[in-house]
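Q: So I've got this file, structure-v9.tsv, and it contains TSV, C-alpha atoms:
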chain	number	residue	atom	x	y	z
A	14	MET	CA	0.00	0.00	0.00
A	15	ASP	CA	1.27	3.46	-0.87
A	16	HIS	CA	1.64	5.96	1.94
A	17	PRO	CA	-1.84	7.57	2.09
A	18	LEU	CA	-0.35	10.82	3.39
A	19	PRO	CA	2.85	11.25	1.36
A	20	TRP	CA	3.27	14.82	2.59
A	21	LEU	CA	4.10	13.42	6.05
A	22	LYS	CA	7.42	11.74	6.64
A	23	TYR	CA	9.03	10.03	9.59
A	24	LEU	CA	12.60	11.23	10.03
A	25	ASP	CA	14.85	9.29	12.38
A	26	ALA	CA	16.70	11.59	14.81
A	27	SER	CA	20.02	10.01	13.82
A	28	ASP	CA	19.50	11.30	10.27
A	29	LEU	CA	19.34	14.95	11.33
A	30	ASP	CA	22.24	17.32	11.03
A	31	ASP	CA	21.99	20.11	13.53
A	32	ASP	CA	25.10	21.98	14.55
A	33	ALA	CA	23.71	22.84	17.98
A	34	ILE	CA	21.71	19.79	19.08
A	35	ASP	CA	22.14	16.03	18.81
A	36	PHE	CA	18.52	14.88	18.89
A	37	ASP	CA	19.26	11.17	18.68
A	38	GLY	CA	18.36	9.78	22.11
A	39	LEU	CA	17.92	13.26	23.63
A	40	LYS	CA	16.08	12.94	26.95
A	41	VAL	CA	12.48	14.12	27.15
A	42	ASP	CA	11.26	15.14	30.59
A	43	SER	CA	7.97	16.55	31.84
A	44	VAL	CA	7.63	20.07	33.15
A	45	ASP	CA	7.89	18.46	36.63
A	46	SER	CA	11.23	16.79	35.67
A	47	ASP	CA	9.67	13.31	35.37
A	48	LYS	CA	11.38	11.15	32.74
A	49	LEU	CA	9.09	10.62	29.73
A	50	GLY	CA	11.51	8.96	27.32
A	51	ALA	CA	13.99	9.80	24.59
A	52	VAL	CA	13.72	11.34	21.14
A	53	GLU	CA	13.65	8.71	18.43
A	54	GLY	CA	12.57	10.87	15.50
A	55	PHE	CA	10.15	13.41	14.12
A	56	VAL	CA	7.04	13.48	11.96
A	57	ILE	CA	7.63	16.29	9.49
A	58	ASP	CA	6.09	17.86	6.40
A	59	SER	CA	7.92	16.20	3.51
A	60	HIS	CA	7.76	19.37	1.40
A	61	SER	CA	8.91	22.02	3.87
A	62	GLY	CA	10.72	20.02	6.55
A	63	ARG	CA	8.54	21.58	9.25
A	64	PRO	CA	8.23	19.32	12.31
A	65	TYR	CA	4.80	18.52	13.73
A	66	TYR	CA	5.56	15.76	16.22
A	67	ILE	CA	8.46	14.45	18.22
A	68	VAL	CA	8.41	10.65	18.24
A	69	VAL	CA	9.32	9.72	21.81
A	70	ASP	CA	10.42	6.25	22.84
A	71	ALA	CA	8.95	5.87	26.31
A	72	GLY	CA	10.88	2.66	26.87
A	73	GLY	CA	9.58	-0.37	28.64
A	74	TRP	CA	10.84	-3.58	30.12
A	75	PHE	CA	9.69	-6.01	27.42
A	76	LYS	CA	8.30	-3.75	24.76
A	77	SER	CA	8.99	-0.22	23.70
A	78	LYS	CA	6.09	2.21	23.63
A	79	HIS	CA	6.19	5.28	21.45
A	80	PHE	CA	4.08	8.39	21.65
A	81	LEU	CA	3.83	11.57	19.64
A	82	LEU	CA	4.57	14.85	21.39
A	83	PRO	CA	3.35	17.93	19.49
A	84	VAL	CA	6.34	20.20	18.88
A	85	GLY	CA	4.48	23.20	20.32
A	86	HIS	CA	4.53	21.48	23.73
A	87	ALA	CA	8.31	21.01	23.86
A	88	MET	CA	11.04	23.42	24.81
A	89	LEU	CA	14.77	22.91	24.86
A	90	ASP	CA	16.46	23.37	28.22
A	91	THR	CA	19.09	26.10	28.44
A	92	GLU	CA	22.03	23.70	28.07
A	93	GLY	CA	20.41	21.81	25.19
A	94	GLU	CA	20.70	18.51	27.03
A	95	ARG	CA	16.99	17.62	27.08
A	96	LEU	CA	13.61	18.57	25.77
A	97	ILE	CA	11.05	19.57	28.35
A	98	ALA	CA	7.42	18.78	27.62
A	99	LYS	CA	5.19	21.62	28.79
A	100	LEU	CA	2.94	18.89	30.19
A	101	SER	CA	2.85	16.69	33.25
A	102	LYS	CA	3.50	12.95	33.13
A	103	GLU	CA	-0.22	12.45	33.86
A	104	HIS	CA	-1.12	14.32	30.66
A	105	VAL	CA	1.30	12.22	28.61
A	106	LYS	CA	-0.02	8.95	30.11
A	107	ARG	CA	-3.33	9.75	28.39
A	108	PHE	CA	-1.68	10.03	24.96
A	109	PRO	CA	-2.45	7.25	22.51
A	110	GLY	CA	0.44	4.95	21.71
A	111	PHE	CA	2.08	5.29	18.33
A	112	ASP	CA	3.08	2.33	16.19
A	113	LEU	CA	5.99	3.48	14.07
A	114	ASN	CA	5.58	0.40	11.84
A	115	ALA	CA	2.00	1.43	11.00
A	116	PHE	CA	2.92	5.04	10.22
A	117	GLU	CA	3.04	4.65	6.45
A	118	LYS	CA	-0.42	3.08	6.36
A	119	MET	CA	-2.26	5.65	8.48
A	120	SER	CA	-5.28	7.31	6.88
A	121	ASP	CA	-6.60	10.86	7.25
A	122	ASP	CA	-9.18	9.59	9.76
A	123	GLU	CA	-6.51	7.88	11.86
A	124	TRP	CA	-4.43	11.09	11.93
A	125	ARG	CA	-7.50	13.13	12.89
A	126	SER	CA	-8.19	10.69	15.72
A	127	ILE	CA	-4.59	10.85	16.96
A	128	ASN	CA	-4.54	14.66	16.73
A	129	ASN	CA	-7.78	14.97	18.67
A	130	SER	CA	-6.78	12.39	21.30
A	131	ILE	CA	-3.43	14.08	21.90
A	132	CYS	CA	-4.91	17.59	22.03
A	133	ASP	CA	-7.59	16.32	24.40
A	134	ALA	CA	-4.90	14.79	26.64
A	135	CYS	CA	-3.00	18.10	26.53
A	136	GLY	CA	-6.09	19.83	27.89
A	137	VAL	CA	-6.80	21.68	24.65
A	138	THR	CA	-10.32	21.96	23.31
A	139	ILE	CA	-10.93	19.34	20.66
A	140	ILE	CA	-11.46	20.76	17.21
A	141	THR	CA	-13.77	18.78	15.00
A	142	TYR	CA	-13.29	18.54	11.26
A	143	ALA	CA	-15.71	18.96	8.42
A	144	ILE	CA	-15.43	16.11	5.93
A	145	ASP	CA	-14.13	18.48	3.26
A	146	GLU	CA	-11.67	20.26	5.58
A	147	PRO	CA	-8.03	19.40	4.88
A	148	LEU	CA	-6.19	17.43	7.52
A	149	SER	CA	-3.46	20.08	7.49
A	150	ALA	CA	-5.85	22.47	9.31
A	151	ALA	CA	-5.02	20.57	12.52
A	152	TRP	CA	-1.46	21.82	12.42
A	153	ASP	CA	-2.50	25.46	12.60
A	154	ARG	CA	-3.15	24.91	16.32
A	155	ALA	CA	-0.76	26.30	18.94
A	156	ASP	CA	0.07	22.68	19.85
A	157	TYR	CA	2.07	22.49	16.63
A	158	ALA	CA	3.73	25.92	16.69
A	159	TYR	CA	7.08	26.01	14.92
A	160	PRO	CA	9.66	25.45	17.68
A	161	ASP	CA	12.39	28.02	18.20
A	162	TRP	CA	14.86	25.20	18.92
A	163	TRP	CA	14.44	23.56	15.48
A	164	HIS	CA	17.53	24.39	13.42
A	165	ALA	CA	17.80	21.17	11.45
A	166	SER	CA	17.52	21.16	7.68
A	167	PRO	CA	15.73	17.91	6.87
A	168	GLU	CA	14.11	19.48	3.82
A	169	LEU	CA	17.14	18.97	1.62
A	170	PRO	CA	16.02	16.87	-1.37
A	171	GLU	CA	18.41	14.00	-0.66
A	172	ARG	CA	16.83	13.57	2.80
A	173	MET	CA	13.21	13.76	1.73
A	174	GLY	CA	13.15	10.69	-0.51
A	175	ASP	CA	11.40	10.38	-3.86
A	176	ASP	CA	8.70	12.89	-2.92
A	177	ALA	CA	11.20	15.77	-3.03
A	178	TYR	CA	11.98	14.99	-6.64
A	179	LYS	CA	8.35	14.42	-7.71
A	180	ASN	CA	7.17	17.67	-6.07
A	181	PRO	CA	10.17	19.94	-6.44
A	182	VAL	CA	10.52	22.74	-3.96
A	183	GLU	CA	12.95	25.58	-4.40
A	184	TYR	CA	15.30	25.20	-1.45
A	185	ARG	CA	16.78	28.48	-0.37
A	186	PRO	CA	20.29	28.65	1.04
A	187	ARG	CA	20.16	28.20	4.78
A	188	GLU	CA	21.48	31.69	5.57
A	189	ALA	CA	18.59	33.19	3.58
A	190	ASP	CA	15.98	31.15	5.42
A	191	ASP	CA	13.39	33.41	7.04
A	192	MET	CA	12.88	30.99	9.94
A	193	SER	CA	16.61	30.98	10.70
A	194	ALA	CA	16.65	34.76	10.63
A	195	ARG	CA	13.70	34.92	13.02
A	196	ARG	CA	15.33	32.43	15.39
A	197	ALA	CA	18.51	34.50	15.44
A	198	LYS	CA	16.74	37.59	16.79
A	199	PRO	CA	17.46	38.30	20.46
A	200	GLY	CA	14.64	37.44	22.82
A	201	ARG	CA	13.12	34.70	20.64
Translate the structure described by the file into structure tokens.
A:
Amino acid sequence: MDHPLPWLKYLDASDLDDDAIDFDGLKVDSVDSDKLGAVEGFVIDSHSGRPYYIVVDAGGWFKSKHFLLPVGHAMLDTEGERLIAKLSKEHVKRFPGFDLNAFEKMSDDEWRSINNSICDACGVTIITYAIDEPLSAAWDRADYAYPDWWHASPELPERMGDDAYKNPVEYRPREADDMSARRAKPGR
């Protein structure tokens, strides 16, 4: 089966090049300093490279459980040694599990369900969708705000797979990137 949502891509954290942060295995803690897991990867827009979710491996004795943390609920600590979820462990316990192996087969309805379940667990009002409303409307929520700590460039064509070549995007040089310029401003 072809990926029903080819504009979404899972990107393993070990495949990211970021001069400032090594995301692979980066600890993820709650706002109360409870251990939630470690970064395994990201769910990103395959055209722009914008991250929507952090895929967190919550660990486990016999079986690993993954969950999706919306990027708008994560901040980088001042030393860059961990991500801090702006949520308690109790909130995260209510998140649905995420099967990384089923990712490429997930339908629009499954993504809507995950989005709503996660936002409900975060304490955000659930937004319902009209049948003709695009799934991408979900990512306009504050839960998915572009993180100021994201400096990686996964959108390079060689990292985005075949989709980057089928749907060409003009990739600007990194120093001309508006998002990089905004992140470089003091106080952001």
Q: Just how far from atom CA of A:Ser130 is atom CA of A:Ala165, in Å to one decimal?
A: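 These atoms are spaced 27.9 Å apart.
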Q: Restricting the calculation to only C-alpha atoms, which member of A:Leu96, A:Ala33, A:Ala51, A:Val56 is positioned closest to A:Glu117?
A: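 Once distances to A:Glu117 are computed over only C-alpha atoms, the minimum belongs to A:Val56.
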Q: One number please: atom CA of A:Ala98 to atom CA of A:Val41, in Å, one decimal.
A: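 Distance between the two atoms: 6.9 Å.
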Q: A:Tyr66: which residues within 10 Å, counting all atoms listed in the file, same-chain residues fewer than 5 positions away excluded, as a ChimeraX atom specification?
A: /A:23,54-57,80-87,156-157
Q: Please produce a file of those selected residues containing C-alpha atoms, as a PDB file, keeping the file's coordinate frame.
A:
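Okay, this is what ended up in part.pdb:
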ATOM      1  CA  TYR A  23       9.030  10.030   9.590  1.00  0.00           C
ATOM      2  CA  GLY A  54      12.570  10.870  15.500  1.00  0.00           C
ATOM      3  CA  PHE A  55      10.150  13.410  14.120  1.00  0.00           C
ATOM      4  CA  VAL A  56       7.040  13.480  11.960  1.00  0.00           C
ATOM      5  CA  ILE A  57       7.630  16.290   9.490  1.00  0.00           C
ATOM      6  CA  PHE A  80       4.080   8.390  21.650  1.00  0.00           C
ATOM      7  CA  LEU A  81       3.830  11.570  19.640  1.00  0.00           C
ATOM      8  CA  LEU A  82       4.570  14.850  21.390  1.00  0.00           C
ATOM      9  CA  PRO A  83       3.350  17.930  19.490  1.00  0.00           C
ATOM     10  CA  VAL A  84       6.340  20.200  18.880  1.00  0.00           C
ATOM     11  CA  GLY A  85       4.480  23.200  20.320  1.00  0.00           C
ATOM     12  CA  HIS A  86       4.530  21.480  23.730  1.00  0.00           C
ATOM     13  CA  ALA A  87       8.310  21.010  23.860  1.00  0.00           C
ATOM     14  CA  ASP A 156       0.070  22.680  19.850  1.00  0.00           C
ATOM     15  CA  TYR A 157       2.070  22.490  16.630  1.00  0.00           C
TER      16      TYR A 157
END
Q: Quick check, in Å to one decimal: how far apart do atom CA of A:Leu39 and atom CA of A:Ala134 lie?
A: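 Answer for the atom CA of A:Leu39 to atom CA of A:Ala134 separation: 23.1 Å.
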Q: Neighbouring residues of A:Asp42 were defined as those with any atom within 9 Å, considering only C-alpha atoms; residues of the same chain fewer than 6 positions away were excluded. Please report them as a list in words.
A: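 My list of contacting residues is Lys48, Leu49, Gly50, Ala51, Arg95, Leu96, Ile97, Ala98, Ser101 and Lys102 of chain A.
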Q: Those same residues, written as a PDB file, in the frame of the given file with C-alpha atoms?
A:
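Writing done, so here's selection.pdb:
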ATOM      1  CA  LYS A  48      11.380  11.150  32.740  1.00  0.00           C
ATOM      2  CA  LEU A  49       9.090  10.620  29.730  1.00  0.00           C
ATOM      3  CA  GLY A  50      11.510   8.960  27.320  1.00  0.00           C
ATOM      4  CA  ALA A  51      13.990   9.800  24.590  1.00  0.00           C
ATOM      5  CA  ARG A  95      16.990  17.620  27.080  1.00  0.00           C
ATOM      6  CA  LEU A  96      13.610  18.570  25.770  1.00  0.00           C
ATOM      7  CA  ILE A  97      11.050  19.570  28.350  1.00  0.00           C
ATOM      8  CA  ALA A  98       7.420  18.780  27.620  1.00  0.00           C
ATOM      9  CA  SER A 101       2.850  16.690  33.250  1.00  0.00           C
ATOM     10  CA  LYS A 102       3.500  12.950  33.130  1.00  0.00           C
TER      11      LYS A 102
END
Q: Rank nothing, just name the residue among A:Lys40, A:Trp20, A:Ser27, A:Asp47 nearest to A:His60, using all atoms listed in the file.
A: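 Among the listed residues, the smallest separation from A:His60 belongs to A:Trp20.
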